[in-house]
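Undergrad: A single structure is presented below for examination.
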Amino acid sequence: MSDPRPDRVRPSSVRWTHVALPSVDIDASIRWYEKYTPMRLLDRREDTDGYGAWLGHPDQGDKPFILVLVSFFRDQEKGEKMPILSPFAHIGIEMPSQEAVNEVAEMGRADGCLAWEPQWMPDPIGYICACTDPDGNM
C-alpha cells in the first residue's frame, strides 16, 4: 500500500503506536484514565468530525505508545456508549505492587466501576483487578 502523501516522513521501522477507543464524553474519559492509570493527556485536538485525545506516559520520549480516545460529533448526538473492550478484552497496565492494585480496586469500588475484585492469577499474570471506564471498556 502506498502513502498518498509523498512528503510525509516515513518511520525507519515498523512499530506499534496506539490503540484507539470511542468515547461518548471525552472529558470524563480523560479524567478516568488519568485517575485510574499512570497515563496522562499528551495532546488533544478537535476537527470537523469531533475530538481526539492522546494519553500515554510523558516520560517515553517522542515515540510513546498511546491510547487515543475519539469522540465523534455524530456519536455524541446519539449518546450511546460503545464499549469495545468487554467483557474480557481489556487494556493491561502493570502496577508496581499488590498494594497499588488494591488502591485501584478500592477507588473502583468507591466509584462503582470495579469489574473484577483483586485476585491472584497463575504466572505470568500475577495479582490483578479490573475497572471499567465511562464507556464500559475494561
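In the C-alpha cells, each chain is lettered A, B, ... as it comes, each chain's residues begin at 1, and ligands are numbered from 1 in order of appearance.
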Neighbours of Gly92 in chain A within 12 Å (only C-alpha atoms; same-chain residues fewer than 5 positions away dropped), as number ranges by chain?
TA: A: 36-38, 67, 85, 125-131, 137-138
Undergrad: I need the helix (DSSP H, G or I) residues of range 7-80 of chain A per DSSP on the backbone, written as a PyMOL selection string.
TA: chain A and resi 26-36+73-78
Undergrad: Counting only C-alpha atoms, which residue out of A:Glu94, A:Asp135, A:Gly50, A:Trp32 sits closest to Glu77 in chain A?
TA: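 Checking each of A:Glu94, A:Asp135, A:Gly50, A:Trp32 against Glu77 in chain A, counting only C-alpha atoms, the winner is A:Gly50.
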Undergrad: When you look at Arg45 in chain A with a cut-off of 10 Å (counting only C-alpha atoms), what residues show up, excluding the ones that are within fewer than 3 positions of it in the same chain? I need them as a ChimeraX atom specification.
TA: /A:50-54,70
Undergrad: Of the residues A:Val101, A:Leu114, A:Val19, A:Met107, which is the one nearest to Val68 in chain A, using only C-alpha atoms?
TA: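 Smallest separation from Val68 in chain A among the options: A:Val19.
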Undergrad: Write out as a PyMOL selection string the set of residues from chain A that DSSP, computed on the backbone, places in strand (DSSP E).
TA: chain A and resi 18-22+40-47+50-56+66-72+114-121+126-131
Undergrad: Fewer than 4 positions away in the same chain doesn't count, so skip those; otherwise give me all residues within 8 Å of Cys113 in chain A, counting only C-alpha atoms, as number ranges by chain.
TA: A: 108-109, 131-133
Undergrad: Quick one: residues within 10 Å of Phe73 in chain A, only C-alpha atoms counted, chain neighbours fewer than 6 positions away excluded, as a list of chain:residue names?
TA: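 Listing them by chain and then by number gives A:Val24, A:Asp47, A:Thr48, A:Asp49, A:Gly50, A:Tyr51, A:Gly79.
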Undergrad: Between CA of Ile30 in chain A and CA of Pro64 in chain A, what is the spacing in Å?
TA: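 Computing it gives 17.2 Å between the two atoms.
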